[in-house]
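Have a look at input.txt; it's compact mmCIF, C-alpha atoms:
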# COMPACT_ATOMS: atom_id res chain seq x y z
CA MET C 13 11.73 -14.13 -20.54
CA ILE C 14 12.57 -17.18 -18.49
CA GLU C 15 9.23 -18.79 -17.81
CA THR C 16 10.30 -21.11 -15.03
CA HIS C 17 7.84 -19.69 -12.56
CA TYR C 18 4.94 -20.47 -14.87
CA SER C 19 5.24 -24.04 -13.72
CA CYS C 20 3.96 -22.92 -10.30
CA PRO C 21 3.25 -24.36 -7.81
CA CYS C 22 6.99 -24.89 -7.65
CA MET C 23 7.87 -23.10 -4.49
CA GLU C 24 11.26 -24.69 -3.95
CA GLN C 25 12.57 -23.84 -7.41
CA CYS C 26 10.58 -20.70 -8.16
CA PRO C 27 12.96 -17.79 -8.89
CA LEU C 28 10.21 -15.37 -8.00
CA ASN C 29 9.82 -16.96 -4.63
CA ARG C 30 13.61 -16.85 -4.16
CA ALA C 31 13.62 -13.16 -5.06
CA MET C 32 10.92 -12.46 -2.51
CA GLN C 33 12.89 -14.32 0.14
CA LEU C 34 15.97 -12.24 -0.69
CA ILE C 35 14.34 -8.82 -0.54
CA GLY C 36 11.34 -9.53 1.68
CA GLY C 37 11.07 -8.94 5.38
CA LYS C 38 10.78 -5.74 7.31
CA TRP C 39 14.11 -4.09 6.53
CA LYS C 40 15.90 -5.42 3.46
CA MET C 41 14.11 -3.23 0.97
CA GLN C 42 14.84 -0.17 3.11
CA ILE C 43 18.49 -1.16 3.41
CA ILE C 44 18.78 -1.61 -0.35
CA CYS C 45 17.09 1.77 -0.96
CA SER C 46 19.34 3.52 1.54
CA LEU C 47 22.48 1.99 0.04
CA ASN C 48 21.31 2.75 -3.47
CA ASN C 49 20.65 6.37 -2.59
CA GLY C 50 23.81 6.82 -0.62
CA GLY C 51 26.58 5.08 -2.57
CA SER C 52 29.17 3.67 -0.20
CA ILE C 53 27.85 4.12 3.32
CA ARG C 54 29.38 3.63 6.74
CA TYR C 55 27.58 1.27 9.03
CA ASN C 56 26.64 3.96 11.55
CA HIS C 57 25.39 6.29 8.85
CA LEU C 58 23.24 3.51 7.41
CA LYS C 59 21.85 2.76 10.84
CA GLN C 60 20.88 6.41 11.29
CA ARG C 61 18.94 6.31 8.02
CA LEU C 62 16.97 3.28 9.16
CA ASP C 63 15.01 4.68 12.02
CA GLY C 64 14.39 2.12 14.73
CA ILE C 65 16.54 -0.77 13.52
CA SER C 66 18.66 -2.54 16.15
CA ASN C 67 22.33 -3.41 15.67
CA THR C 68 21.50 -7.11 15.80
CA VAL C 69 18.85 -6.88 13.09
CA LEU C 70 20.89 -4.57 10.85
CA ALA C 71 24.05 -6.67 11.14
CA LYS C 72 22.09 -9.86 10.37
CA ALA C 73 20.32 -8.31 7.39
CA LEU C 74 23.58 -6.91 5.99
CA LYS C 75 25.27 -10.29 6.39
CA GLU C 76 22.44 -12.00 4.51
CA LEU C 77 22.48 -9.37 1.77
CA GLU C 78 26.25 -9.80 1.52
CA GLU C 79 25.99 -13.60 1.38
CA CYS C 80 23.46 -13.51 -1.44
CA GLY C 81 25.55 -11.06 -3.43
CA LEU C 82 23.47 -7.89 -3.14
CA VAL C 83 25.82 -5.91 -0.93
CA THR C 84 29.57 -5.72 -0.45
CA ARG C 85 31.34 -4.91 2.79
CA HIS C 86 34.59 -2.99 2.80
CA GLU C 87 36.68 -2.80 5.94
CA PHE C 88 39.28 -0.04 5.96
CA MET C 89 42.44 -0.50 8.00
CA GLU C 90 42.06 2.69 9.98
CA VAL C 91 41.77 3.67 13.59
CA PRO C 92 38.94 3.86 14.50
CA ALA C 93 37.80 1.00 12.29
CA ARG C 94 35.79 2.06 9.24
CA VAL C 95 33.37 -0.32 7.58
CA GLU C 96 31.40 0.68 4.52
CA TYR C 97 28.68 -1.05 2.56
CA ARG C 98 27.61 -0.63 -1.03
CA THR C 99 25.38 -2.30 -3.57
CA THR C 100 26.70 -4.84 -6.10
CA LYS C 101 26.01 -4.92 -9.85
CA ALA C 102 23.27 -7.48 -9.20
CA CYS C 103 21.63 -5.12 -6.73
CA ASP C 104 21.99 -2.16 -9.10
CA ASP C 105 20.22 -4.22 -11.78
CA LEU C 106 17.43 -4.94 -9.32
CA ILE C 107 16.71 -1.24 -8.73
CA PRO C 108 14.83 -0.55 -12.01
CA ILE C 109 12.60 -3.54 -11.26
CA LEU C 110 11.88 -2.18 -7.80
CA ASP C 111 11.16 1.18 -9.44
CA SER C 112 8.58 -0.51 -11.67
CA LEU C 113 7.04 -2.20 -8.65
CA SER C 114 6.87 1.12 -6.85
CA ASP C 115 5.31 2.83 -9.88
CA TRP C 116 2.77 0.04 -10.21
CA CYS C 117 1.76 0.45 -6.58
CA GLU C 118 1.35 4.20 -7.02
CA LYS C 119 -0.55 3.86 -10.28
CA TYR C 120 -3.18 1.61 -8.79
CA GLU C 121 -3.10 3.35 -5.42
CA MET C 122 -2.58 0.02 -3.79
CA LYS C 123 -3.25 -0.10 -0.09
CA GLU C 124 -2.19 -2.84 2.26
CA MET B 4 9.30 7.13 -12.71
CA ILE B 5 7.72 8.15 -9.45
CA GLU B 6 10.62 8.60 -7.10
CA THR B 7 8.70 8.60 -3.84
CA HIS B 8 10.60 5.68 -2.40
CA TYR B 9 13.88 7.51 -2.83
CA SER B 10 13.00 9.42 0.26
CA CYS B 11 13.51 6.21 2.26
CA PRO B 12 13.52 5.55 5.13
CA CYS B 13 9.82 6.20 4.74
CA MET B 14 8.37 2.84 5.58
CA GLU B 15 4.82 4.00 6.21
CA GLN B 16 4.44 5.78 2.88
CA CYS B 17 6.83 3.74 0.74
CA PRO B 18 4.97 2.28 -2.26
CA LEU B 19 7.65 -0.35 -2.58
CA ASN B 20 7.07 -1.44 0.97
CA ARG B 21 3.32 -1.49 0.33
CA ALA B 22 3.85 -3.64 -2.75
CA MET B 23 5.92 -6.09 -0.75
CA GLN B 24 3.21 -6.26 1.88
CA LEU B 25 0.63 -7.00 -0.81
CA ILE B 26 2.48 -9.79 -2.56
CA GLY B 27 4.80 -11.01 0.19
CA GLY B 28 4.21 -13.92 2.51
CA LYS B 29 4.32 -17.61 1.84
CA TRP B 30 1.44 -18.03 -0.60
CA LYS B 31 0.32 -14.84 -2.33
CA MET B 32 2.85 -15.00 -5.12
CA GLN B 33 1.91 -18.61 -5.79
CA ILE B 34 -1.78 -17.74 -5.80
CA ILE B 35 -1.19 -14.89 -8.26
CA CYS B 36 0.90 -17.17 -10.51
CA SER B 37 -1.73 -19.90 -10.43
CA LEU B 38 -4.54 -17.49 -11.24
CA ASN B 39 -2.48 -15.85 -13.96
CA ASN B 40 -1.73 -19.19 -15.57
CA GLY B 41 -5.23 -20.53 -15.23
CA GLY B 42 -7.59 -17.68 -16.12
CA SER B 43 -10.79 -17.96 -14.11
CA ILE B 44 -10.32 -20.75 -11.59
CA ARG B 45 -12.66 -22.48 -9.21
CA TYR B 46 -11.69 -22.40 -5.58
CA ASN B 47 -11.14 -26.16 -5.34
CA HIS B 48 -9.05 -26.23 -8.49
CA LEU B 49 -6.90 -23.42 -7.17
CA LYS B 50 -6.45 -25.24 -3.89
CA GLN B 51 -5.28 -28.35 -5.74
CA ARG B 52 -2.64 -26.30 -7.54
CA LEU B 53 -1.28 -24.97 -4.28
CA ASP B 54 0.04 -28.08 -2.68
CA GLY B 55 -0.23 -28.02 1.08
CA ILE B 56 -2.29 -24.88 1.62
CA SER B 57 -5.12 -25.10 4.14
CA ASN B 58 -8.63 -23.78 3.50
CA THR B 59 -8.21 -21.20 6.23
CA VAL B 60 -4.99 -19.83 4.77
CA LEU B 61 -6.19 -19.87 1.16
CA ALA B 62 -9.51 -18.20 2.01
CA LYS B 63 -7.73 -15.50 4.03
CA ALA B 64 -5.15 -14.85 1.30
CA LEU B 65 -7.85 -14.67 -1.39
CA LYS B 66 -9.88 -12.26 0.72
CA GLU B 67 -6.85 -10.01 1.19
CA LEU B 68 -6.00 -10.16 -2.52
CA GLU B 69 -9.61 -9.32 -3.32
CA GLU B 70 -9.68 -6.42 -0.84
CA CYS B 71 -6.55 -4.87 -2.30
CA GLY B 72 -7.87 -5.18 -5.84
CA LEU B 73 -5.64 -7.92 -7.23
CA VAL B 74 -8.25 -10.65 -7.52
CA THR B 75 -11.98 -10.74 -8.20
CA ARG B 76 -14.39 -13.32 -6.87
CA HIS B 77 -17.36 -14.47 -8.90
CA GLU B 78 -20.11 -16.48 -7.30
CA PHE B 79 -22.37 -18.30 -9.72
CA MET B 80 -25.96 -19.02 -8.73
CA GLU B 81 -25.75 -22.72 -9.32
CA VAL B 82 -26.26 -25.88 -7.33
CA PRO B 83 -23.76 -26.91 -6.14
CA ALA B 84 -22.37 -23.41 -5.54
CA ARG B 85 -19.60 -22.37 -7.92
CA VAL B 86 -17.08 -19.71 -6.95
CA GLU B 87 -14.35 -18.64 -9.32
CA TYR B 88 -11.41 -16.30 -8.94
CA ARG B 89 -9.47 -14.36 -11.51
CA THR B 90 -6.86 -11.64 -11.67
CA THR B 91 -7.75 -7.96 -12.13
CA LYS B 92 -6.20 -5.49 -14.57
CA ALA B 93 -3.95 -4.25 -11.75
CA CYS B 94 -2.73 -7.78 -11.16
CA ASP B 95 -2.24 -8.40 -14.89
CA ASP B 96 -0.08 -5.27 -15.01
CA LEU B 97 1.95 -6.60 -12.13
CA ILE B 98 2.85 -9.82 -13.96
CA PRO B 99 5.51 -8.35 -16.31
CA ILE B 100 7.21 -6.81 -13.27
CA LEU B 101 7.21 -10.18 -11.52
CA ASP B 102 8.60 -11.67 -14.74
CA SER B 103 11.47 -9.18 -14.59
CA LEU B 104 12.08 -10.04 -10.96
CA SER B 105 12.13 -13.71 -11.83
CA ASP B 106 14.51 -13.16 -14.75
CA TRP B 107 16.80 -11.09 -12.53
CA CYS B 108 16.93 -13.88 -9.98
CA GLU B 109 17.77 -16.43 -12.66
CA LYS B 110 20.36 -14.20 -14.30
CA TYR B 111 22.34 -13.75 -11.13
CA GLU B 112 21.62 -17.28 -9.90
CA MET B 113 20.43 -15.82 -6.66
CA LYS B 114 20.19 -18.24 -3.77
CA GLU B 115 18.36 -17.62 -0.55

Please rewrite the model in this file as structure tokens.
Amino acid sequence: MIETHYSCPCMEQCPLNRAMQLIGGKWKMQIICSLNNGGSIRYNHLKQRLDGISNTVLAKALKELEECGLVTRHEFMEVPARVEYRTTKACDDLIPILDSLSDWCEKYEMKE
Amino acid sequence: MIETHYSCPCMEQCPLNRAMQLIGGKWKMQIICSLNNGGSIRYNHLKQRLDGISNTVLAKALKELEECGLVTRHEFMEVPARVEYRTTKACDDLIPILDSLSDWCEKYEMKE
């Protein structure tokens, strides 16, 4: 176990805080779940799975997830253009941790 | 493993989303870390450990953490008044998951 975050308050360097920044916000967790459940997914298909998200918000979130190495974007040279997204190894390794977090929340019947 | 969140998009019911709501935000993770590292902590001591937090924000965050069962508040009948906070069993069980999240972030050198 890397105990860096035990030196809190250390917000700038805290890996836990970084992780929360990466996957926090209204949509990123849902995007990761949808990609994880769906393998390689076309942009429009992904958008359909995320009820209510706008193109601007989805495109921005995907770009951020791509930049931080959680998602890859594949553009196929076809007409019409086909763009697919999928999770990276880093993201796949994150999933069991998110599972634990989900289980924890269910176990203690946590409410917001 | 409880696979409820695999039925995403399910934002209202998603335990993962609930968990993120509970521990997300600017300060809650830092408060949990500080309490976890310090055992039972007096309010003023906790505030000192969280550089830059206002009384309003800290009091609100502690109240929310108390309401959702992550933190308990003990008021001692002393003069001057002494109030201490500590983590609950639910919160203690959350710590190893946060450790994993932290380790994951370090392993992949995740940047925001």

>> Which residues are close to B:Val60, i.e. within 12 Å by all atoms listed in the file, leaving aside same-chain residues fewer than 2 positions away? Reply as a list in words.
In response: Gly28, Lys29, Trp30, Lys31, Ile34, Lys50, Leu53, Gly55, Ile56, Ser57, Asn58, Ala62, Lys63, Ala64, Leu65, Lys66 and Glu67 of chain B

> Near B:Asn39, within 8 Å and counting only C-alpha atoms, which residues show up once chain neighbours fewer than 3 positions away are dropped, as a list in words?
Replying inline: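 The filter keeps Ile35, Cys36, Gly42, Arg89, Thr90 and Asp95 of chain B.
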
> If we count all atoms listed in the file, what is near B:Cys71 at a cut-off of 12 Å, once residues fewer than 3 positions away on the same chain are taken out, given as a list in words?
Replying inline: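 So, after excluding close chain neighbours, the residues are Cys117, Tyr120, Glu121, Met122, Lys123 and Glu124 of chain C; Arg21, Ala22, Gln24, Leu25, Ile26, Ala64, Leu65, Lys66, Glu67, Leu68, Val74, Thr75, Thr90, Thr91, Ala93 and Cys94 of chain B.
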
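Of note, atom CA of C:Trp116 and atom CA of C:Pro27 are spaced 20.6 Å apart.
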
> What is the atom CA of C:Asp111 to atom CA of C:Ser46 distance in Å?
Replying inline: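 Value for the atom CA of C:Asp111-atom CA of C:Ser46 distance: 13.9 Å.
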
>> Could you tell me how far atom CA of B:His77 sits from atom CA of B:Arg45, in Å to one decimal place?
In response: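 Between these atoms lies a distance of 9.3 Å.
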
>> From the options B:Leu73, B:Cys17, B:Val82, B:Met23, which residue's atoms come nearest to B:Leu38, counting all atoms listed in the file?
In response: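 Of B:Leu73, B:Cys17, B:Val82, B:Met23, the one nearest B:Leu38 is B:Leu73, counting all atoms listed in the file.
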
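If all atoms listed in the file are the atoms counted, then among B:Gly41, B:Arg76, B:Lys92, B:Arg52 the closest residue to chain C is B:Arg52.
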
> Between C:Glu79, C:Leu70, C:Glu96, C:Ile53, which one has atoms that come closest to chain B, using only C-alpha atoms?
Replying inline: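 Comparing C:Glu79, C:Leu70, C:Glu96, C:Ile53 against chain B, the winner is C:Glu79.
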
>> My list of candidates is C:Gln25, C:Ser112, C:Ser52, C:Thr68. Which is closest to chain B when distances are computed with all atoms listed in the file?
In response: C:Ser112

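Distances from C:Asn56, C:Ser114, C:Lys119, C:Glu90 to chain B were compared using all atoms listed in the file, and the smallest one belongs to C:Ser114.
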
>> Under the rule that all atoms listed in the file are counted, which of B:Val86, B:Tyr46, B:Asp54, B:Met80 is the nearest residue to chain C?
In response: B:Asp54
